[in-house]
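Taking it in order: structure first as structure tokens, then the write-up.
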Amino acid sequence: MTSLSTTGSDTSARTFDRDDMMIVAASRALVGRRVCFVGIGLPSTAANLARATYAPDLVLIYESGTVGAKPSRLPLSIGDGELAATADTVVSVPEIFNYWLQGGRIEVGFLGAAQMDRFANLNSTVIGDYDHPTVRLPGAGGAPEIAASCQEVIVLIRQSPRTFVERLDFRTTVGFGDGPGDRERLGLRGSGPTLVITDLGVLRPDPVTCELTLSALHPGVELDEARAATPWELAVAPDLARTDPPSEVELRALRALLATRGGSS
Amino acid sequence: MTSLSTTGSDTSARTFDRDDMMIVAASRALVGRRVCFVGIGLPSTAANLARATYAPDLVLIYESGTVGAKPSRLPLSIGDGELAATADTVVSVPEIFNYWLQGGRIEVGFLGAAQMDRFANLNSTVIGDYDHPTVRLPGAGGAPEIAASCQEVIVLIRQSPRTFVERLDFRTTVGFGDGPGDRERLGLRGSGPTLVITDLGVLRPDPVTCELTLSALHPGVELDEARAATPWELAVAPDLARTDPPSEVELRALRALLATRGGSS
Amino acid sequence: MCVELTSRGAVAEIQSLADAVAATVHDGDCVAIEGFTHLIPVAAGQEIIRQGRKDLTLVRLTPDIVFDQMIGTGCARKLIFGWGGNPGVGSLHRFRDAVENGWPSPLELEEHSHAGLTNRFVAAAAGLPFAVLRGYFGTGLMGRHDSVKTVACPFTGETLAAVPALHPDVTILHAQQADRSGNVLMWGITGINKEAALAASRVLVTVEEVVDRLAAVPGGVVLPSWVIDSVAEVPGGTYPSYTAGYSERDNDAYVRWDAISRDRDTFRSWIDQHVMHATAAVHW
Amino acid sequence: MCVELTSRGAVAEIQSLADAVAATVHDGDCVAIEGFTHLIPVAAGQEIIRQGRKDLTLVRLTPDIVFDQMIGTGCARKLIFGWGGNPGVGSLHRFRDAVENGWPSPLELEEHSHAGLTNRFVAAAAGLPFAVLRGYFGTGLMGRHDSVKTVACPFTGETLAAVPALHPDVTILHAQQADRSGNVLMWGITGINKEAALAASRVLVTVEEVVDRLAAVPGGVVLPSWVIDSVAEVPGGTYPSYTAGYSERDNDAYVRWDAISRDRDTFRSWIDQHVMHATAAVHW
């Protein structure tokens with residue numbers, strides 16, 4: 001993957017790759033948010049980067065029951081001892097799902113997936129037919145209810161014809177279903193995916209059609225590349241923006257965070 | 001109330017009244033039981049007497065969430081600090097009701113009431129009409145579900161025409177409902193009240209009719225007195241027994257227990 | 001039915017008891033005051049009396065002395081409850097007077113078993129419209145109001161009882177400690193406190209003390225600041241109930257209450273003397 | 001439907017891991033092995049492999065390495081689960097091989113979301129035939145098996161998802177401590193452990209140590225001896241998972257597992273070497 005650098009600098013501290021940009025963009029999306037439901041991997045890195053930069057009071061909730069975790073190093077699993085040790089409180093799994101998530105107390109949930117369609121529905125179950133899959137993926141975990149009950153959802157997914165698909169092999173998690181009104185019909189109370197952050201740019205649902213619309217491109221990415229990575233006719237916002245590259249502060253904090261990853265990565 | 005003494009003794013340690021006999025009889029009913037749901041008052045005294053005598057490993061569960069309480073003094077409320085401090089674990093009220101009681105884990109529950117009918121249904125809600133009561137009683141509390149979900153129920157109630165009634169003013173708690181088959185029809189899973197201990201004797205439900213049948217008289221009580229205290233035609237077991245008077249060991253343990261009651265009584 | 005999901009405005013504000021009650025409790029509100037035989041926020045209830053709140057729907061598994069006082073002073077229009085008595089002593093005379101004689105005003109009752117009312121809180125905390133339980137069947141509590149219905153298990157066909165979620169406008173609790181960010185710690189018997197807090201639109205917690213760092217204790221239950229609106233430091237605020245680690249239950253006061261509350265005039269002069277002219281926790 | 005209420009025979013028996021597994025786990029059983037990313041009873045699962053149990057229905061929110069081993073050695077006929085992966089690493093290759101290629105035997109799947117399977121345990125622990133949740137609607141998980149249905153709220157008319165109670169024949173857990181009476185203490189992330197225990201007919205708990213008196217720790221969860229059947233002392237019994245206060249997660253072992261498990265022969269010789277000839281917790 002090509003590395004880029006922030007404008008007018010050639011120090012290595014300012015070199016970043018597309019994953020870095022994705023994580024930084026996700027961390028920025030958390031500024032002003034209060035309570036975030038976090039999974040391991042990019043979401044956890046982004047949420048902890050937000051804590052380390054512009055959202056020091058962000059409350060992190062992990063599915064394992066840790067509420068208000070303040071890890072000093074990046075956790076490697078959602079049940080990392082560091083999360084429990086630094087949490088305001090550790091509750092049971094039924095309580096996390098029933099009282100905290102379903103109770104509507106979580107502002108933002110982070111999700112990833114193997115496939116996403118234009119209505120931000122997600123597949124993390126199988127590639128191929130369910131009963132005779134080509135690739136059996138891990139499955140739903142907490143994703144369906146995170147997408148149902150968080151007030152907003154941010155999807156982090158790399159953009160390619162393999163991940164952006166016309167038709168999901170399996171719908172694990174509902175974004176906007178088949179389009180406008182579907183979330184309400186299905187009784188899903190949160191607003192759904194308000195933001196999709198990829199390695200190429202940022203997409204937001206159209207307020208009328210619910211279809212994902214490219215609203216920003218990351219530095220060094222041209223519209224043609226985003227279009228090529230999308231098997232459907234990609235909707236593009238008239239005021240297509242350019243993501244600010246990671247600042248020196250953001251990159252330094254990200255490097256410091258990644259350096260804390262214990263064990264193997 | 002007249003005091004009696006155990007056979008052949010005139011020491012004051014062996015003097016007992018009818019409440020003592022009731023408590024001792026109830027404590028004996030717990031021998032061989034393992035897990036008991038306890039309310040304050042006579043049930044708590046009886047259960048703790050059982051622990052102090054013949055059932056040292058009896059697990060006491062109070063509605064306040066204390067599981068395995070081992071109070072060294074008689075509690076004055078079900079939320080007494082002594083219960084929490086000596087318990088194996090203290091759980092929430094939803095957990096006590098849903099997991100421990102409704103989950104079917106309690107062997108014996110103790111209940112009292114203001115009124116009882118011949119099918120051991122109980123009233124602890126009102127005397128008189130519900131909407132214009134003569135006496136507004138405290139209400140149901142945990143009683144209906146204790147009666148529904150404990151494997152067996154023991155009722156402790158003083159026997160008089162005021163407490164033993166043809167027709168309850170309000171049915172707070174189901175014993176055997178309107179008779180055979182009613183518990184099953186209502187979906188009540190425990191066996192219901194298998195034992196009613198009064199200040200005069202012991203009643204058990206007839207295995208066929210479910211009607212309470214006098215099976216034993218306490219020392220010093222004659223059948224006529226039990227009949228006079230019962231407004232309906234009291235069924236009497238053919239092998240009507242005589243309760244053994246409290247032993248010296250039982251009375252000494254009871255006195256010691258009552259002496260631990262802190263504050264006012 | 002889609003329910004609007006909204007996040008709370010901010011972390012808890014630490015304020016005086018008077019300010020906290022003024023900010024969170026309004027005439028006509030549905031007010032749950034919990035604490036199961038322990039951690040009963042008596043001082044907060046008495047502040048509601050001082051502020052003259054009216055028309056409240058009061059909710060509590062076990063209405064006891066503080067509810068007797070609130071009912072006797074005319075704060076309540078309706079009571080949702082499971083067991084209303086003076087624990088270990090007997091009747092609540094002000095409650096009885098309201099129900100039996102309509103004094104000082106009639107009191108509407110929505111009466112449940114403990115398990116039933118507990119599950120109304122559980123459903124609300126869990127963001128569900130109802131909860132299922134084994135209860136009520138065959139009792140006179142069924143059919144007396146519209147908050148108990150039945151539901152069939154879609155797997156076994158079995159009929160079970162259902163109760164609707166109960167969302168108080170405000171839940172009031174007492175806890176041992178809050179930290180300076182407004183995170184709250186309670187331990188010992190915590191009853192239905194967590195569910196009552198998570199069920200409510202607003203949460204007020206009185207605490208024994210505000211500390212720099214919450215204690216690390218076995219059995220501790222933490223409510224994070226961001227689910228609480230107001231915290232007020234009220235040492236001894238549970239009297240004559242108790243706060244494990246801080247105070248003991250005054251059993252004699254419960255007995256004294258029986259005498260005080262039997263007579264309307266005695267009750268009123270007690271309220272005048274002990275509640276109306278006080279500003280914090282009242283010991284008597 | 002009336003369910004028979006029966007009390008357990010006695011308090012927990014403290015026995016060897018081999019005896020405990022032999023006593024509680026039988027061919028054809030429904031076996032829940034829990035521990036949410038922490039306290040995973042890996043050694044107990046490996047003892048089941050050593051004893052050659054067959055035809056098991058395995059239940060776990062998050063099947064990981066130990067389930068991969070049990071599936072790859074042919075213990076399982078069916079899997080009830082929510083998320084089956086190698087956390088932080090990727091796929092479970094033995095699980096994939098069973099699902100994708102039927103090796104060593106086909107594996108029937110009953111797949112849920114975490115919230116759904118969680119509530120199957122909750123319903124069982126609570127003695128209810130089903131639980132209600134907001135979930136499944138609009139997803140491919142709905143209608144795939146008969147363990148998700150719908151139920152209408154009798155108060156609002158709203159349609160919600162319902163899942164049936166899950167009663168395992170045996171639930172296996174790991175905890176930090178047991179006392180000599182068989183009371184068990186666990187702390188840290190305790191996941192669905194309490195509900196899984198209370199849902200089951202039999203309960204086996206492996207512990208780091210048997211002590212005279214359980215520690216008094218914040219966040220401790222106690223399961224009393226009278227809801228447990230067997231306790232076995234297996235220090236390090238969660239490796240490569242961890243036990244807070246006793247061991248740390250071996251993250252590298254999870255990565256090594258990826259390589260070991262990719263190839264059937266490598267997997268089989270690893271099992272032979274590390275599991276079949278061991279008697280207690282296996283470190284590798």
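Letters for chains follow the order of the structure tokens (A, B, ...), residue numbers begin at 1 for each chain, and ligand numbers begin at 1 in the order shown.
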
Checklist entry - For chain C, which residues have at least one atom within 8 Å of chain D, if we go by only C-alpha atoms? Write them as an MDAnalysis selection string, please. => result chainID C and resid 1 128:134 149:151 153:156 158 162 164 216:220

Item to check | Residues near Tyr242 in chain C, cut-off 12 Å, only C-alpha atoms, skip fewer than 2 positions along chain, as a ChimeraX atom specification | outcome: /B:77,79-82 /C:35-43,174-176,187-189,207-208,235-240,244-251,253,283

Next on the checklist: Can you pull out the residues contacting range 135-138 of chain D? Cut-off 12 Å, using only C-alpha atoms, and skip same-chain residues under 6 positions away; I want them as a count of residues only.
Outcome noted: 56

Item to check | Close residues, range 14-27 of chain A itself excluded, 10 Å, only C-alpha atoms, min 4 positions apart in chain, as a ChimeraX atom specification | outcome: /A:1-10,31,42-55,110,154-158,195-202,218-221,243-255

Checklist entry - Residues of range 56-265 of chain C in strand (DSSP E or B) according to DSSP, as an MDAnalysis selection string? => result chainID C and resid 56:60 76:81 86 90 108:111 130:133 149:152 159:164 170:179 184:186 202:211 221:223 230:233

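Of note, CA of Ile260 in chain D and CA of Glu63 in chain A are spaced 28.4 Å apart.
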
Next on the checklist: Among range 172-235 of chain C, which residues does DSSP mark as helix (DSSP H, G or I) when it is run on the backbone? Keep the chain and numbering as in the structure and answer as a PyMOL selection string.
Outcome noted: chain C and resi 193-199+225-227

Selected residues written out with C-alpha atoms, as a CSV table (one decimal), in the first residue's frame:
chain,number,residue,atom,x,y,z
C,193,ASN,CA,-31.6,0.2,42.3
C,194,LYS,CA,-29.8,-0.3,39.1
C,195,GLU,CA,-32.9,-1.2,37.1
C,196,ALA,CA,-34.9,1.7,38.6
C,197,ALA,CA,-32.1,4.1,37.6
C,198,LEU,CA,-31.8,2.8,34.1
C,199,ALA,CA,-35.6,2.8,33.7
C,225,SER,CA,-22.0,9.5,35.9
C,226,TRP,CA,-23.5,9.7,32.3
C,227,VAL,CA,-26.7,7.9,33.4

Checklist entry - Using only C-alpha atoms, which of the listed residues (C:Leu214, C:Ala125, C:Ala281, C:Ala232) sits closest to chain B? => result C:Ala125

Next on the checklist: Just want the 8 Å neighbourhood of Leu56 in chain C, counted on only C-alpha atoms, with same-chain residues fewer than 2 positions away dropped. Output as JSON, numbers by chain.
Outcome noted: {"C": [27, 28, 29, 30, 31, 53, 54, 58, 75, 76, 77, 78]}

Would you write out those residues with C-alpha atoms, as a PDB file, in the first residue's frame?
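After the write, selection.pdb holds the following:
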ATOM      1  CA  ASP C  27     -45.609  18.338  40.142  1.00  0.00           C
ATOM      2  CA  GLY C  28     -47.393  15.470  38.448  1.00  0.00           C
ATOM      3  CA  ASP C  29     -44.235  13.402  37.926  1.00  0.00           C
ATOM      4  CA  CYS C  30     -43.970   9.660  38.267  1.00  0.00           C
ATOM      5  CA  VAL C  31     -41.319   9.336  40.992  1.00  0.00           C
ATOM      6  CA  ARG C  53     -44.656  18.778  45.258  1.00  0.00           C
ATOM      7  CA  LYS C  54     -48.184  17.638  44.370  1.00  0.00           C
ATOM      8  CA  LEU C  58     -45.079   7.405  43.720  1.00  0.00           C
ATOM      9  CA  CYS C  75     -47.729  14.763  47.736  1.00  0.00           C
ATOM     10  CA  ALA C  76     -49.179  11.657  46.120  1.00  0.00           C
ATOM     11  CA  ARG C  77     -52.065  11.090  43.760  1.00  0.00           C
ATOM     12  CA  LYS C  78     -51.257   7.470  42.981  1.00  0.00           C
TER      13      LYS C  78
END

Give me, as a short mmCIF file (atom, residue, chain, number, x, y, z; two decimals) with N, CA and C atoms, in the first residue's frame, the contact residues of chain B against chain D at a cut-off of 12 Å, counting only C-alpha atoms.
data_model
loop_
_atom_site.label_atom_id
_atom_site.label_comp_id
_atom_site.auth_asym_id
_atom_site.auth_seq_id
_atom_site.Cartn_x
_atom_site.Cartn_y
_atom_site.Cartn_z
N GLY B 32 -33.66 -31.80 57.09
CA GLY B 32 -33.53 -32.53 55.83
C GLY B 32 -33.75 -31.65 54.62
N ARG B 33 -34.15 -30.39 54.82
CA ARG B 33 -34.30 -29.48 53.70
C ARG B 33 -32.97 -28.77 53.48
N ARG B 34 -32.82 -28.23 52.30
CA ARG B 34 -31.53 -27.62 51.98
C ARG B 34 -31.61 -26.11 51.78
N VAL B 35 -32.66 -25.66 51.08
CA VAL B 35 -32.70 -24.26 50.69
C VAL B 35 -34.07 -23.69 51.00
N CYS B 36 -34.09 -22.63 51.79
CA CYS B 36 -35.33 -22.13 52.34
C CYS B 36 -35.46 -20.62 52.09
N ASP B 57 -26.75 -26.72 58.09
CA ASP B 57 -26.33 -26.32 56.74
C ASP B 57 -27.47 -25.74 55.91
N LEU B 58 -28.61 -25.53 56.54
CA LEU B 58 -29.76 -24.97 55.82
C LEU B 58 -29.38 -23.63 55.19
N VAL B 59 -29.65 -23.50 53.90
CA VAL B 59 -29.35 -22.26 53.18
C VAL B 59 -30.56 -21.34 53.27
N LEU B 60 -30.37 -20.18 53.89
CA LEU B 60 -31.46 -19.21 54.03
C LEU B 60 -31.37 -18.15 52.93
N ILE B 61 -32.46 -17.96 52.25
CA ILE B 61 -32.53 -16.93 51.21
C ILE B 61 -33.61 -15.94 51.59
N THR B 66 -30.13 -11.72 49.81
CA THR B 66 -29.07 -12.39 50.56
C THR B 66 -29.25 -13.90 50.44
N VAL B 67 -28.27 -14.54 49.82
CA VAL B 67 -28.29 -15.99 49.59
C VAL B 67 -27.30 -16.65 50.54
N GLY B 68 -27.78 -17.56 51.36
CA GLY B 68 -26.90 -18.23 52.31
C GLY B 68 -26.57 -17.37 53.51
N ALA B 69 -27.53 -16.56 53.95
CA ALA B 69 -27.30 -15.72 55.13
C ALA B 69 -27.16 -16.60 56.37
N ALA B 85 -24.12 -9.14 55.50
CA ALA B 85 -22.73 -9.33 55.94
C ALA B 85 -22.37 -10.81 56.07
N ALA B 87 -23.92 -13.38 54.31
CA ALA B 87 -24.40 -14.19 53.19
C ALA B 87 -23.24 -14.72 52.35
N ASP B 88 -23.49 -15.83 51.66
CA ASP B 88 -22.52 -16.33 50.68
C ASP B 88 -22.42 -15.35 49.53
N THR B 89 -23.56 -14.77 49.16
CA THR B 89 -23.56 -13.78 48.10
C THR B 89 -24.83 -12.94 48.23
N VAL B 90 -24.72 -11.69 47.83
CA VAL B 90 -25.88 -10.80 47.82
C VAL B 90 -26.16 -10.46 46.37
N VAL B 91 -27.35 -10.76 45.92
CA VAL B 91 -27.69 -10.50 44.52
C VAL B 91 -28.81 -9.47 44.45
N PRO B 94 -34.13 -8.31 41.15
CA PRO B 94 -34.54 -9.06 39.94
C PRO B 94 -33.94 -10.45 39.90
N GLU B 95 -32.68 -10.56 40.30
CA GLU B 95 -32.05 -11.88 40.24
C GLU B 95 -32.69 -12.84 41.25
N ILE B 96 -32.95 -12.36 42.45
CA ILE B 96 -33.60 -13.24 43.44
C ILE B 96 -34.93 -13.76 42.91
N PHE B 97 -35.74 -12.87 42.38
CA PHE B 97 -37.06 -13.32 41.93
C PHE B 97 -36.99 -14.14 40.64
N ASN B 98 -36.19 -13.67 39.68
CA ASN B 98 -36.21 -14.33 38.38
C ASN B 98 -35.34 -15.58 38.36
N TYR B 99 -34.10 -15.49 38.81
CA TYR B 99 -33.20 -16.64 38.69
C TYR B 99 -33.37 -17.64 39.83
N TRP B 100 -33.50 -17.13 41.06
CA TRP B 100 -33.45 -18.07 42.18
C TRP B 100 -34.83 -18.59 42.55
N LEU B 101 -35.83 -17.70 42.60
CA LEU B 101 -37.17 -18.18 42.96
C LEU B 101 -37.88 -18.77 41.73
N GLN B 102 -38.10 -17.96 40.72
CA GLN B 102 -38.81 -18.43 39.52
C GLN B 102 -38.03 -19.54 38.82
N GLY B 103 -36.70 -19.52 38.95
CA GLY B 103 -35.86 -20.56 38.37
C GLY B 103 -36.07 -21.92 39.02
N GLY B 104 -36.84 -21.98 40.08
CA GLY B 104 -37.18 -23.26 40.70
C GLY B 104 -36.11 -23.83 41.61
N ARG B 105 -35.25 -22.97 42.12
CA ARG B 105 -34.12 -23.44 42.91
C ARG B 105 -34.41 -23.53 44.41
N ILE B 106 -35.60 -23.05 44.84
CA ILE B 106 -35.87 -22.99 46.28
C ILE B 106 -36.75 -24.17 46.69
N GLU B 107 -36.29 -24.88 47.70
CA GLU B 107 -37.00 -26.07 48.15
C GLU B 107 -38.26 -25.70 48.94
N VAL B 108 -38.08 -24.87 49.94
CA VAL B 108 -39.18 -24.56 50.85
C VAL B 108 -39.34 -23.05 51.00
N ALA B 148 -45.97 -19.83 44.22
CA ALA B 148 -46.01 -20.42 42.87
C ALA B 148 -44.78 -21.28 42.60
N SER B 149 -43.61 -20.82 43.03
CA SER B 149 -42.36 -21.38 42.51
C SER B 149 -41.52 -22.18 43.49
N CYS B 150 -41.74 -22.05 44.80
CA CYS B 150 -40.99 -22.91 45.71
C CYS B 150 -41.51 -24.34 45.53
N GLN B 151 -40.63 -25.30 45.72
CA GLN B 151 -41.07 -26.68 45.54
C GLN B 151 -42.14 -27.05 46.56
N GLU B 152 -42.00 -26.51 47.78
CA GLU B 152 -43.05 -26.68 48.78
C GLU B 152 -43.20 -25.38 49.56
N GLY B 181 -56.26 -29.98 40.82
CA GLY B 181 -55.98 -29.63 39.43
C GLY B 181 -55.81 -28.13 39.18
N ASP B 182 -56.19 -27.33 40.16
CA ASP B 182 -56.18 -25.88 39.92
C ASP B 182 -54.75 -25.34 39.78
N ARG B 183 -53.83 -25.83 40.57
CA ARG B 183 -52.44 -25.34 40.46
C ARG B 183 -51.91 -25.63 39.06
N GLU B 184 -52.13 -26.82 38.57
CA GLU B 184 -51.65 -27.18 37.23
C GLU B 184 -52.31 -26.27 36.19
N ARG B 185 -53.63 -26.09 36.31
CA ARG B 185 -54.32 -25.23 35.35
C ARG B 185 -53.78 -23.81 35.36
N LEU B 186 -53.37 -23.34 36.52
CA LEU B 186 -52.85 -21.97 36.63
C LEU B 186 -51.36 -21.89 36.27
N GLY B 187 -50.73 -23.03 35.99
CA GLY B 187 -49.33 -23.04 35.61
C GLY B 187 -48.39 -22.86 36.80
N LEU B 188 -48.86 -23.16 38.01
CA LEU B 188 -48.00 -23.02 39.21
C LEU B 188 -47.18 -24.29 39.36
N ARG B 189 -45.87 -24.13 39.41
CA ARG B 189 -45.02 -25.30 39.26
C ARG B 189 -44.68 -26.04 40.55
N GLY B 190 -44.64 -25.33 41.68
CA GLY B 190 -44.35 -26.01 42.94
C GLY B 190 -45.54 -26.83 43.41
N SER B 191 -45.33 -27.58 44.48
CA SER B 191 -46.40 -28.45 44.99
C SER B 191 -47.42 -27.68 45.81
N GLY B 192 -47.11 -26.44 46.16
CA GLY B 192 -48.04 -25.67 46.99
C GLY B 192 -47.81 -25.93 48.47
#
